[in-house]
$ cat start_19.cif   # mmCIF, C-alpha atoms; chains and numbers go by the auth columns
data_target
#
loop_
_atom_site.group_PDB
_atom_site.id
_atom_site.type_symbol
_atom_site.label_atom_id
_atom_site.label_comp_id
_atom_site.label_asym_id
_atom_site.label_seq_id
_atom_site.Cartn_x
_atom_site.Cartn_y
_atom_site.Cartn_z
_atom_site.B_iso_or_equiv
_atom_site.auth_seq_id
_atom_site.auth_asym_id
ATOM 1 C CA MET A 1 -0.691 -16.159 15.314 0.00 1 Q
ATOM 2 C CA GLU A 2 0.972 -12.827 15.981 0.00 2 Q
ATOM 3 C CA THR A 3 4.651 -12.625 16.833 0.00 3 Q
ATOM 4 C CA LEU A 4 6.594 -9.783 18.450 0.00 4 Q
ATOM 5 C CA VAL A 5 10.087 -9.281 17.061 0.00 5 Q
ATOM 6 C CA LYS A 6 12.903 -6.873 17.705 0.00 6 Q
ATOM 7 C CA HIS A 7 13.639 -4.769 14.654 0.00 7 Q
ATOM 8 C CA THR A 8 14.636 -1.222 13.844 0.00 8 Q
ATOM 9 C CA LYS A 9 11.659 0.892 12.876 0.00 9 Q
ATOM 10 C CA ASP A 10 12.431 1.695 9.241 0.00 10 Q
ATOM 11 C CA GLY A 11 8.899 2.055 7.923 0.00 11 Q
ATOM 12 C CA MET A 12 8.783 2.798 4.222 0.00 12 Q
ATOM 13 C CA TYR A 13 7.278 5.176 1.690 0.00 13 Q
ATOM 14 C CA LEU A 14 6.381 8.398 3.570 0.00 14 Q
ATOM 15 C CA PHE A 15 7.561 6.731 6.762 0.00 15 Q
ATOM 16 C CA HIS A 16 10.518 4.955 5.139 0.00 16 Q
ATOM 17 C CA ASN A 17 13.939 5.698 6.617 0.00 17 Q
ATOM 18 C CA LEU A 18 12.337 8.063 9.085 0.00 18 Q
ATOM 19 C CA LYS A 19 15.691 8.777 10.709 0.00 19 Q
ATOM 20 C CA SER A 20 17.083 10.134 7.433 0.00 20 Q
ATOM 21 C CA ARG A 21 14.191 12.452 6.593 0.00 21 Q
ATOM 22 C CA LEU A 22 15.455 15.997 6.191 0.00 22 Q
ATOM 23 C CA ASP A 23 12.055 17.509 7.004 0.00 23 Q
ATOM 24 C CA LEU A 24 12.064 16.073 10.546 0.00 24 Q
ATOM 25 C CA CYS A 25 14.309 17.262 13.349 0.00 25 Q
ATOM 26 C CA ASP A 26 16.107 14.815 15.629 0.00 26 Q
ATOM 27 C CA GLU A 27 13.539 15.362 18.356 0.00 27 Q
ATOM 28 C CA ASP A 28 10.692 14.568 15.938 0.00 28 Q
ATOM 29 C CA LYS A 29 12.385 11.297 15.071 0.00 29 Q
ATOM 30 C CA ARG A 30 13.000 10.414 18.705 0.00 30 Q
ATOM 31 C CA VAL A 31 9.403 11.157 19.630 0.00 31 Q
ATOM 32 C CA PHE A 32 8.025 9.183 16.696 0.00 32 Q
ATOM 33 C CA ASP A 33 10.171 6.202 17.596 0.00 33 Q
ATOM 34 C CA SER A 34 9.096 6.357 21.231 0.00 34 Q
ATOM 35 C CA TYR A 35 5.384 6.213 20.367 0.00 35 Q
ATOM 36 C CA THR A 36 5.432 3.238 17.987 0.00 36 Q
ATOM 37 C CA SER A 37 4.963 -0.307 19.232 0.00 37 Q
ATOM 38 C CA PRO A 38 7.399 -3.210 18.891 0.00 38 Q
ATOM 39 C CA VAL A 39 7.276 -4.753 15.428 0.00 39 Q
ATOM 40 C CA ARG A 40 4.621 -7.438 14.969 0.00 40 Q
ATOM 41 C CA GLU A 41 4.414 -10.251 12.460 0.00 41 Q
ATOM 42 C CA VAL A 42 1.262 -12.018 11.302 0.00 42 Q
ATOM 43 C CA LYS A 43 0.525 -14.723 8.774 0.00 43 Q
ATOM 44 C CA LYS A 44 -1.126 -14.273 5.385 0.00 44 Q
ATOM 45 C CA GLY A 45 -4.891 -13.946 5.809 0.00 45 Q
ATOM 46 C CA SER A 46 -4.672 -12.525 9.337 0.00 46 Q
ATOM 47 C CA HIS A 47 -6.888 -9.575 10.154 0.00 47 Q
ATOM 48 C CA LEU A 48 -5.466 -6.340 11.536 0.00 48 Q
ATOM 49 C CA ALA A 49 -8.972 -4.942 11.995 0.00 49 Q
ATOM 50 C CA ARG A 50 -12.517 -5.946 11.113 0.00 50 Q
ATOM 51 C CA GLU A 51 -15.502 -4.040 9.812 0.00 51 Q
ATOM 52 C CA GLY A 52 -17.624 -2.671 12.652 0.00 52 Q
ATOM 53 C CA GLU A 53 -14.749 -2.414 15.121 0.00 53 Q
ATOM 54 C CA VAL A 54 -13.686 0.937 16.549 0.00 54 Q
ATOM 55 C CA LEU A 55 -10.342 2.070 15.158 0.00 55 Q
ATOM 56 C CA GLU A 56 -8.091 2.340 18.207 0.00 56 Q
ATOM 57 C CA CYS A 57 -4.659 2.239 16.581 0.00 57 Q
ATOM 58 C CA LEU A 58 -2.884 2.939 13.312 0.00 58 Q
ATOM 59 C CA HIS A 59 -0.867 0.282 11.491 0.00 59 Q
ATOM 60 C CA LEU A 60 2.427 1.153 9.775 0.00 60 Q
ATOM 61 C CA ILE A 61 3.266 -1.500 7.210 0.00 61 Q
ATOM 62 C CA GLU A 62 6.943 -2.413 7.232 0.00 62 Q
ATOM 63 C CA LYS A 63 7.110 -5.560 5.110 0.00 63 Q
ATOM 64 C CA GLY A 64 4.507 -7.380 3.054 0.00 64 Q
ATOM 65 C CA TRP A 65 1.161 -6.305 1.615 0.00 65 Q
ATOM 66 C CA ALA A 66 -2.255 -5.831 3.207 0.00 66 Q
ATOM 67 C CA CYS A 67 -5.592 -4.627 1.917 0.00 67 Q
ATOM 68 C CA ARG A 68 -8.817 -2.976 2.951 0.00 68 Q
ATOM 69 C CA TYR A 69 -11.888 -4.830 1.775 0.00 69 Q
ATOM 70 C CA LYS A 70 -15.679 -4.978 2.166 0.00 70 Q
ATOM 71 C CA MET A 71 -17.563 -8.181 2.877 0.00 71 Q
ATOM 72 C CA LEU A 72 -20.691 -8.387 0.706 0.00 72 Q
ATOM 73 C CA HIS A 73 -23.827 -10.431 1.366 0.00 73 Q
ATOM 74 C CA ASN A 74 -22.977 -12.751 -1.533 0.00 74 Q
ATOM 75 C CA GLY A 75 -19.626 -13.629 0.046 0.00 75 Q
ATOM 76 C CA ARG A 76 -17.464 -11.542 -2.255 0.00 76 Q
ATOM 77 C CA GLU A 77 -14.701 -9.421 -0.774 0.00 77 Q
ATOM 78 C CA PRO A 78 -13.953 -6.524 -3.151 0.00 78 Q
ATOM 79 C CA ILE A 79 -10.635 -4.890 -2.323 0.00 79 Q
ATOM 80 C CA THR A 80 -11.020 -1.153 -1.777 0.00 80 Q
ATOM 81 C CA SER A 81 -7.326 -0.278 -1.304 0.00 81 Q
ATOM 82 C CA LEU A 82 -3.886 -1.810 -0.985 0.00 82 Q
ATOM 83 C CA LEU A 83 -1.415 -1.193 1.836 0.00 83 Q
ATOM 84 C CA LEU A 84 2.217 -1.530 0.791 0.00 84 Q
ATOM 85 C CA PRO A 85 5.431 -1.131 2.811 0.00 85 Q
ATOM 86 C CA GLY A 86 5.563 2.373 4.269 0.00 86 Q
ATOM 87 C CA ASP A 87 1.802 2.881 4.128 0.00 87 Q
ATOM 88 C CA ILE A 88 -0.275 3.636 7.194 0.00 88 Q
ATOM 89 C CA SER A 89 -3.737 2.182 7.654 0.00 89 Q
ATOM 90 C CA ASP A 90 -5.341 5.554 8.430 0.00 90 Q
ATOM 91 C CA ASN A 91 -4.058 9.131 8.558 0.00 91 Q
ATOM 92 C CA GLY A 92 -5.609 9.534 11.994 0.00 92 Q
ATOM 93 C CA GLN A 93 -8.965 11.018 11.019 0.00 93 Q
ATOM 94 C CA GLY A 94 -10.680 7.672 11.498 0.00 94 Q
ATOM 95 C CA LEU A 95 -9.559 7.130 15.091 0.00 95 Q
ATOM 96 C CA TYR A 96 -12.408 6.362 17.519 0.00 96 Q
ATOM 97 C CA ASN A 97 -14.803 5.695 14.622 0.00 97 Q
ATOM 98 C CA ARG A 98 -16.269 2.341 13.597 0.00 98 Q
ATOM 99 C CA LEU A 99 -14.636 0.892 10.533 0.00 99 Q
ATOM 100 C CA ASP A 100 -16.713 0.375 7.415 0.00 100 Q
ATOM 101 C CA TYR A 101 -14.063 -1.972 6.019 0.00 101 Q
ATOM 102 C CA SER A 102 -11.733 -4.739 7.210 0.00 102 Q
ATOM 103 C CA ILE A 103 -7.930 -4.850 6.972 0.00 103 Q
ATOM 104 C CA LYS A 104 -6.325 -8.174 6.074 0.00 104 Q
ATOM 105 C CA ALA A 105 -2.786 -9.358 5.347 0.00 105 Q
ATOM 106 C CA ILE A 106 -2.385 -10.443 1.717 0.00 106 Q
ATOM 107 C CA THR A 107 1.087 -11.831 2.472 0.00 107 Q
ATOM 108 C CA PRO A 108 2.990 -12.549 5.677 0.00 108 Q
ATOM 109 C CA LEU A 109 3.090 -9.095 7.217 0.00 109 Q
ATOM 110 C CA ARG A 110 5.375 -7.103 9.477 0.00 110 Q
ATOM 111 C CA PHE A 111 4.068 -3.864 10.973 0.00 111 Q
ATOM 112 C CA THR A 112 4.107 -1.530 13.947 0.00 112 Q
ATOM 113 C CA THR A 113 1.170 0.246 15.571 0.00 113 Q
ATOM 114 C CA ILE A 114 0.463 3.654 17.058 0.00 114 Q
ATOM 115 C CA ASP A 115 -2.359 3.716 19.596 0.00 115 Q
ATOM 116 C CA SER A 116 -4.850 6.581 19.678 0.00 116 Q
ATOM 117 C CA GLU A 117 -3.263 8.379 22.632 0.00 117 Q
ATOM 118 C CA SER A 118 0.190 8.182 21.067 0.00 118 Q
ATOM 119 C CA ALA A 119 -1.197 9.404 17.736 0.00 119 Q
ATOM 120 C CA GLU A 120 -2.641 12.496 19.407 0.00 120 Q
ATOM 121 C CA ARG A 121 0.746 13.213 20.967 0.00 121 Q
ATOM 122 C CA LEU A 122 2.446 12.842 17.594 0.00 122 Q
ATOM 123 C CA PHE A 123 -0.088 15.145 15.920 0.00 123 Q
ATOM 124 C CA GLU A 124 1.038 17.912 18.270 0.00 124 Q
ATOM 125 C CA ARG A 125 4.306 18.063 16.337 0.00 125 Q
ATOM 126 C CA PRO A 126 3.681 20.018 13.102 0.00 126 Q
ATOM 127 C CA ARG A 127 6.263 18.238 10.944 0.00 127 Q
ATOM 128 C CA ILE A 128 4.990 14.801 11.934 0.00 128 Q
ATOM 129 C CA LEU A 129 1.397 15.922 11.421 0.00 129 Q
ATOM 130 C CA ARG A 130 2.341 16.959 7.874 0.00 130 Q
ATOM 131 C CA LEU A 131 3.498 13.389 7.189 0.00 131 Q
ATOM 132 C CA PHE A 132 0.120 12.005 8.193 0.00 132 Q
ATOM 133 C CA LYS A 133 -1.699 14.634 6.136 0.00 133 Q
ATOM 134 C CA ALA A 134 0.469 13.827 3.127 0.00 134 Q
ATOM 135 C CA SER A 135 -0.334 10.150 3.601 0.00 135 Q
ATOM 136 C CA GLY A 136 -4.031 10.990 3.640 0.00 136 Q
ATOM 137 C CA HIS A 137 -3.653 13.057 0.470 0.00 137 Q
ATOM 138 C CA ILE A 138 -1.923 10.209 -1.347 0.00 138 Q
ATOM 139 C CA SER A 139 -4.560 7.722 -0.176 0.00 139 Q
ATOM 140 C CA HIS A 140 -7.265 10.053 -1.508 0.00 140 Q
ATOM 141 C CA SER A 141 -5.483 10.385 -4.861 0.00 141 Q
ATOM 142 C CA VAL A 142 -5.141 6.622 -5.179 0.00 142 Q
ATOM 143 C CA ALA A 143 -8.817 6.109 -4.280 0.00 143 Q
ATOM 144 C CA MET A 144 -9.899 8.647 -6.906 0.00 144 Q
ATOM 145 C CA ASN A 145 -7.736 6.886 -9.482 0.00 145 Q
ATOM 146 C CA TRP A 146 -9.356 3.537 -8.639 0.00 146 Q
ATOM 147 C CA ILE A 147 -12.802 5.019 -9.232 0.00 147 Q
ATOM 148 C CA VAL A 148 -11.733 6.360 -12.617 0.00 148 Q
ATOM 149 C CA ASN A 149 -9.961 3.096 -13.400 0.00 149 Q
ATOM 150 C CA ILE A 150 -13.079 0.979 -12.937 0.00 150 Q
ATOM 151 C CA SER A 151 -15.527 3.424 -14.500 0.00 151 Q
ATOM 152 C CA ALA A 152 -13.618 4.665 -17.534 0.00 152 Q
ATOM 153 C CA ARG A 153 -10.945 2.157 -18.666 0.00 153 Q
ATOM 154 C CA ASN A 154 -11.140 -1.156 -20.482 0.00 154 Q
ATOM 155 C CA ALA A 155 -9.808 -4.381 -18.990 0.00 155 Q
ATOM 156 C CA GLU A 156 -6.230 -4.028 -20.218 0.00 156 Q
ATOM 157 C CA GLY A 157 -6.167 -0.394 -19.166 0.00 157 Q
ATOM 158 C CA ARG A 158 -7.401 -1.201 -15.664 0.00 158 Q
ATOM 159 C CA ILE A 159 -4.761 -3.853 -15.108 0.00 159 Q
ATOM 160 C CA ALA A 160 -1.984 -1.769 -16.656 0.00 160 Q
ATOM 161 C CA ASN A 161 -2.896 1.136 -14.406 0.00 161 Q
ATOM 162 C CA LEU A 162 -2.828 -1.099 -11.326 0.00 162 Q
ATOM 163 C CA LEU A 163 0.575 -2.526 -12.282 0.00 163 Q
ATOM 164 C CA CYS A 164 1.944 0.980 -12.775 0.00 164 Q
ATOM 165 C CA GLU A 165 0.526 2.213 -9.471 0.00 165 Q
ATOM 166 C CA CYS A 166 2.041 -0.652 -7.497 0.00 166 Q
ATOM 167 C CA TYR A 167 5.385 -0.191 -9.222 0.00 167 Q
ATOM 168 C CA ALA A 168 5.399 3.552 -8.521 0.00 168 Q
ATOM 169 C CA ARG A 169 4.540 3.006 -4.869 0.00 169 Q
ATOM 170 C CA SER A 170 7.187 0.299 -4.525 0.00 170 Q
ATOM 171 C CA HIS A 171 9.730 2.553 -6.237 0.00 171 Q
ATOM 172 C CA ALA A 172 8.956 5.381 -3.831 0.00 172 Q
ATOM 173 C CA ALA A 173 9.726 2.961 -0.991 0.00 173 Q
ATOM 174 C CA GLY A 174 13.019 1.933 -2.579 0.00 174 Q
ATOM 175 C CA MET A 175 11.762 -1.568 -3.329 0.00 175 Q
ATOM 176 C CA THR A 176 12.318 -1.905 -7.082 0.00 176 Q
ATOM 177 C CA TYR A 177 15.341 -3.102 -9.038 0.00 177 Q
ATOM 178 C CA GLN A 178 15.865 -2.646 -12.762 0.00 178 Q
ATOM 179 C CA GLY A 179 12.158 -2.591 -13.482 0.00 179 Q
ATOM 180 C CA ARG A 180 11.345 -5.522 -11.198 0.00 180 Q
ATOM 181 C CA TYR A 181 9.141 -5.430 -8.126 0.00 181 Q
ATOM 182 C CA PHE A 182 7.233 -7.678 -5.756 0.00 182 Q
ATOM 183 C CA PHE A 183 3.635 -8.179 -6.873 0.00 183 Q
ATOM 184 C CA PRO A 184 1.914 -10.879 -4.782 0.00 184 Q
ATOM 185 C CA LEU A 185 -1.679 -10.440 -5.961 0.00 185 Q
ATOM 186 C CA THR A 186 -3.366 -13.525 -7.374 0.00 186 Q
ATOM 187 C CA GLN A 187 -5.620 -13.265 -10.401 0.00 187 Q
ATOM 188 C CA THR A 188 -8.602 -13.528 -8.071 0.00 188 Q
ATOM 189 C CA GLU A 189 -7.312 -10.639 -5.969 0.00 189 Q
ATOM 190 C CA ILE A 190 -6.623 -8.572 -9.089 0.00 190 Q
ATOM 191 C CA SER A 191 -10.196 -9.233 -10.185 0.00 191 Q
ATOM 192 C CA GLU A 192 -11.469 -7.927 -6.822 0.00 192 Q
ATOM 193 C CA VAL A 193 -9.441 -4.738 -7.328 0.00 193 Q
ATOM 194 C CA VAL A 194 -10.350 -3.939 -10.929 0.00 194 Q
ATOM 195 C CA GLY A 195 -13.899 -5.313 -11.052 0.00 195 Q
ATOM 196 C CA LEU A 196 -13.337 -8.049 -13.639 0.00 196 Q
ATOM 197 C CA SER A 197 -13.727 -11.820 -13.605 0.00 197 Q
ATOM 198 C CA SER A 198 -10.641 -13.939 -12.999 0.00 198 Q
ATOM 199 C CA VAL A 199 -10.910 -15.283 -16.547 0.00 199 Q
ATOM 200 C CA HIS A 200 -10.974 -11.750 -17.961 0.00 200 Q
ATOM 201 C CA VAL A 201 -7.964 -10.825 -15.816 0.00 201 Q
ATOM 202 C CA SER A 202 -6.016 -13.823 -17.115 0.00 202 Q
ATOM 203 C CA ARG A 203 -6.770 -12.980 -20.753 0.00 203 Q
ATOM 204 C CA SER A 204 -5.909 -9.324 -20.299 0.00 204 Q
ATOM 205 C CA LEU A 205 -2.624 -10.080 -18.522 0.00 205 Q
ATOM 206 C CA ASN A 206 -1.616 -12.382 -21.367 0.00 206 Q
ATOM 207 C CA LYS A 207 -2.393 -9.650 -23.903 0.00 207 Q
ATOM 208 C CA ILE A 208 -0.241 -7.176 -21.967 0.00 208 Q
ATOM 209 C CA LYS A 209 2.607 -9.722 -21.888 0.00 209 Q
ATOM 210 C CA ARG A 210 2.290 -10.399 -25.632 0.00 210 Q
ATOM 211 C CA LYS A 211 2.675 -6.670 -26.244 0.00 211 Q
ATOM 212 C CA GLY A 212 6.073 -6.908 -24.588 0.00 212 Q
ATOM 213 C CA LEU A 213 5.192 -4.562 -21.727 0.00 213 Q
ATOM 214 C CA ILE A 214 5.692 -6.937 -18.774 0.00 214 Q
ATOM 215 C CA GLU A 215 6.874 -10.400 -17.909 0.00 215 Q
ATOM 216 C CA SER A 216 6.353 -12.531 -14.825 0.00 216 Q
ATOM 217 C CA CYS A 217 9.430 -13.520 -12.817 0.00 217 Q
ATOM 218 C CA ASP A 218 10.147 -15.924 -10.009 0.00 218 Q
ATOM 219 C CA HIS A 219 9.169 -15.227 -6.402 0.00 219 Q
ATOM 220 C CA ARG A 220 5.981 -13.356 -7.328 0.00 220 Q
ATOM 221 C CA GLN A 221 7.812 -10.556 -9.105 0.00 221 Q
ATOM 222 C CA ILE A 222 6.894 -8.636 -12.223 0.00 222 Q
ATOM 223 C CA HIS A 223 9.371 -7.116 -14.638 0.00 223 Q
ATOM 224 C CA ILE A 224 8.137 -4.005 -16.423 0.00 224 Q
ATOM 225 C CA LYS A 225 9.927 -4.118 -19.775 0.00 225 Q
ATOM 226 C CA ASN A 226 8.383 -0.969 -21.214 0.00 226 Q
ATOM 227 C CA TRP A 227 7.304 1.547 -18.553 0.00 227 Q
ATOM 228 C CA HIS A 228 6.167 4.239 -20.978 0.00 228 Q
ATOM 229 C CA GLY A 229 4.128 1.749 -22.990 0.00 229 Q
ATOM 230 C CA LEU A 230 2.479 0.295 -19.890 0.00 230 Q
ATOM 231 C CA ALA A 231 1.756 3.763 -18.461 0.00 231 Q
ATOM 232 C CA ALA A 232 0.226 4.844 -21.775 0.00 232 Q
ATOM 233 C CA LEU A 233 -1.965 1.734 -21.903 0.00 233 Q
ATOM 234 C CA GLY A 234 -3.188 2.396 -18.357 0.00 234 Q
ATOM 235 C CA ASP A 235 -3.308 6.188 -18.714 0.00 235 Q
ATOM 236 C CA PHE A 236 -1.194 6.293 -15.551 0.00 236 Q
ATOM 237 C CA ARG A 237 0.267 9.452 -14.049 0.00 237 Q
ATOM 238 C CA SER A 238 2.765 9.039 -11.238 0.00 238 Q
ATOM 239 C CA GLU A 239 3.200 12.610 -9.965 0.00 239 Q
ATOM 240 C CA ASN A 240 1.629 11.995 -6.558 0.00 240 Q
ATOM 241 C CA LEU A 241 3.372 8.663 -5.992 0.00 241 Q
ATOM 242 C CA ALA A 242 6.824 8.700 -7.554 0.00 242 Q
ATOM 243 C CA PRO A 243 7.638 11.737 -9.713 0.00 243 Q
ATOM 244 C CA SER A 244 10.707 10.096 -11.266 0.00 244 Q
ATOM 245 C CA ILE A 245 10.520 6.537 -12.598 0.00 245 Q
ATOM 246 C CA PRO A 246 13.978 5.067 -13.372 0.00 246 Q
ATOM 247 C CA CYS A 247 15.068 4.333 -16.919 0.00 247 Q
ATOM 248 C CA ALA A 248 15.386 0.641 -16.054 0.00 248 Q
ATOM 249 C CA ALA A 249 11.610 0.474 -16.139 0.00 249 Q
ATOM 250 C CA SER A 250 11.288 2.164 -19.491 0.00 250 Q
#
$ encode --input "start_19.cif" --output "structure tokens"
Amino acid sequence: METLVKHTKDGMYLFHNLKSRLDLCDEDKRVFDSYTSPVREVKKGSHLAREGEVLECLHLIEKGWACRYKMLHNGREPITSLLLPGDISDNGQGLYNRLDYSIKAITPLRFTTIDSESAERLFERPRILRLFKASGHISHSVAMNWIVNISARNAEGRIANLLCECYARSHAAGMTYQGRYFFPLTQTEISEVVGLSSVHVSRSLNKIKRKGLIESCDHRQIHIKNWHGLAALGDFRSENLAPSIPCAAS
């Protein structure tokens, strides 16, 4: 069930703290705010969009995680990308086109939407358009990294790279603390991201923990104890996501 709630629109990552962005004028911020919907909340497992539907609105993730995935004939649902707080489901280029993927909430989710007509109005403002283009660029960089991750890294490297990516993205959204961050993916979901079996994921995670690079915490959090070691294991480069990783994660 979907719930409408009253909440300030403080979308994260590129769209995090929109009102404090120095690259947007006050009018840009007012216009952006006027074209976004009331905040919505959905339960874990709810669909924001399904494969084959025409994309008629954009989703700005405010709290929680979602994913894009493909449904295969054998019933598997490989995850093709993750949507974290501050991410937008599409940079606008996919509007009016049929989706070749579905979007599903991995956790309870809070988000706002921008319908197609409102998006076109927003794109008329150059500084706002640059935000959407930057979002598209980051999404492309992450997608390219996922391809390399699956095709060229071993199991530990794939998982280490994923952990680093999610930490960097969470850090960019201001959602990390002393090397800790929210990481809700189950081993099955990790396996659908990195192309390994759940058993292989479990073994590889344990190896990474025994190396002293990470530890699991309560409330589905991970503590990165050695950022540089984990980044080296996953051959991770954070320039496009979070240029400066705090010392607490190193």
$ atom_distance --input "start_19.cif" --atom1 "CA of Leu196 (chain Q)" --atom2 "CA of Arg158 (chain Q)"
9.3 Å
$ residues_around --input "start_19.cif" --residues "Glu165 (chain Q)" --least-positions-apart "5" --cutoff "12 Å" --atoms "all atoms listed in the file" --output "ChimeraX atom specification"
/Q:81-84,138-139,141-143,145-146,149,158-160,170-172,181,183,227,230-231,234-243,245
$ resolve_selection --input "start_19.cif" --expression "the PyMOL selection byres ((chain Q and resi 119) around 10)" --output "list in words"
Phe32, Tyr35, Thr36, Glu56, Cys57, Leu58, Asn91, Gly92, Leu95, Thr113, Ile114, Asp115, Ser116, Glu117, Ser118, Glu120, Arg121, Leu122, Phe123, Glu124, Leu129 and Phe132 of chain Q
$ residues_around --input "start_19.cif" --residues "region 42-51 of chain Q" --least-positions-apart "3" --cutoff "6 Å" --atoms "all atoms listed in the file" --output "PyMOL selection string"
chain Q and resi 2+99-109
$ atom_distance --input "start_19.cif" --atom1 "CA of Lys211 (chain Q)" --atom2 "CA of Glu156 (chain Q)"
11.1 Å
$ atom_distance --input "start_19.cif" --atom1 "CA of Lys225 (chain Q)" --atom2 "CA of His140 (chain Q)"
28.8 Å
$ resolve_selection --input "start_19.cif" --expression "the PyMOL selection byres ((chain Q and resi 217-224) around 7)" --output "NGL selection string"
:Q and (179-184 or 213-216 or 225-227 or 249)
$ axis_aligned_box --input "start_19.cif" --around "region 181-194 of chain Q" --padding-each-side "6 Å" --output "JSON"
{"center_x": -1.2, "center_y": -8.7, "center_z": -7.9, "size_x": 32.6, "size_y": 21.6, "size_z": 18.1}
$ residues_around --input "start_19.cif" --residues "Thr80 (chain Q)" --least-positions-apart "4" --cutoff "7 Å" --atoms "all atoms listed in the file" --output "ChimeraX atom specification"
/Q:68-69,193
$ resolve_selection --input "start_19.cif" --expression "the PyMOL selection byres ((chain Q and resi 131) around 12)" --output "number ranges by chain"
Q: 13-16, 18, 21, 23-24, 28, 32, 86-88, 90-92, 122-123, 125-130, 132-138
$ decode --input "start_19.cif" --residues "region 109-166 of chain Q" --atoms "C-alpha atoms" --output "compact mmCIF listing (two decimals), in the first residue's frame"
# COMPACT_ATOMS: atom_id res chain seq x y z
CA LEU Q 109 10.87 3.35 0.61
CA ARG Q 110 10.13 7.06 0.68
CA PHE Q 111 10.26 8.99 -2.59
CA THR Q 112 8.81 11.83 -4.62
CA THR Q 113 7.93 11.86 -8.32
CA ILE Q 114 8.21 14.27 -11.22
CA ASP Q 115 5.72 13.67 -14.02
CA SER Q 116 6.76 14.00 -17.66
CA GLU Q 117 5.25 17.45 -18.17
CA SER Q 118 6.90 18.79 -15.03
CA ALA Q 119 10.22 17.24 -16.06
CA GLU Q 120 10.11 19.07 -19.38
CA ARG Q 121 9.48 22.34 -17.55
CA LEU Q 122 12.42 21.67 -15.24
CA PHE Q 123 14.70 20.84 -18.17
CA GLU Q 124 14.13 24.36 -19.48
CA ARG Q 125 16.25 25.65 -16.60
CA PRO Q 126 19.93 25.09 -17.49
CA ARG Q 127 21.23 24.60 -13.95
CA ILE Q 128 18.57 22.03 -13.13
CA LEU Q 129 19.15 20.28 -16.45
CA ARG Q 130 22.84 19.98 -15.52
CA LEU Q 131 21.83 18.09 -12.36
CA PHE Q 132 19.91 15.54 -14.38
CA LYS Q 133 22.76 15.19 -16.87
CA ALA Q 134 25.23 14.70 -14.02
CA SER Q 135 22.95 12.03 -12.58
CA GLY Q 136 22.90 10.28 -15.94
CA HIS Q 137 26.70 10.45 -16.14
CA ILE Q 138 27.09 8.90 -12.71
CA SER Q 139 24.57 6.16 -13.54
CA HIS Q 140 26.55 5.39 -16.71
CA SER Q 141 29.82 5.24 -14.75
CA VAL Q 142 28.32 2.89 -12.19
CA ALA Q 143 26.88 0.66 -14.94
CA MET Q 144 30.26 0.46 -16.67
CA ASN Q 145 31.89 -0.46 -13.36
CA TRP Q 146 29.35 -3.26 -12.83
CA ILE Q 147 30.20 -4.72 -16.24
CA VAL Q 148 33.90 -4.68 -15.42
CA ASN Q 149 33.20 -6.02 -11.94
CA ILE Q 150 31.42 -9.13 -13.21
CA SER Q 151 33.69 -9.77 -16.19
CA ALA Q 152 37.14 -9.11 -14.75
CA ARG Q 153 37.20 -9.56 -10.94
CA ASN Q 154 37.15 -12.62 -8.71
CA ALA Q 155 34.45 -13.21 -6.12
CA GLU Q 156 36.08 -11.29 -3.28
CA GLY Q 157 36.94 -8.45 -5.62
CA ARG Q 158 33.37 -8.19 -6.90
CA ILE Q 159 31.90 -8.01 -3.42
CA ALA Q 160 34.56 -5.62 -2.15
CA ASN Q 161 33.92 -3.32 -5.09
CA LEU Q 162 30.17 -3.36 -4.43
CA LEU Q 163 30.69 -2.58 -0.73
CA CYS Q 164 32.97 0.32 -1.63
CA GLU Q 165 30.54 1.69 -4.22
CA CYS Q 166 27.61 1.65 -1.81
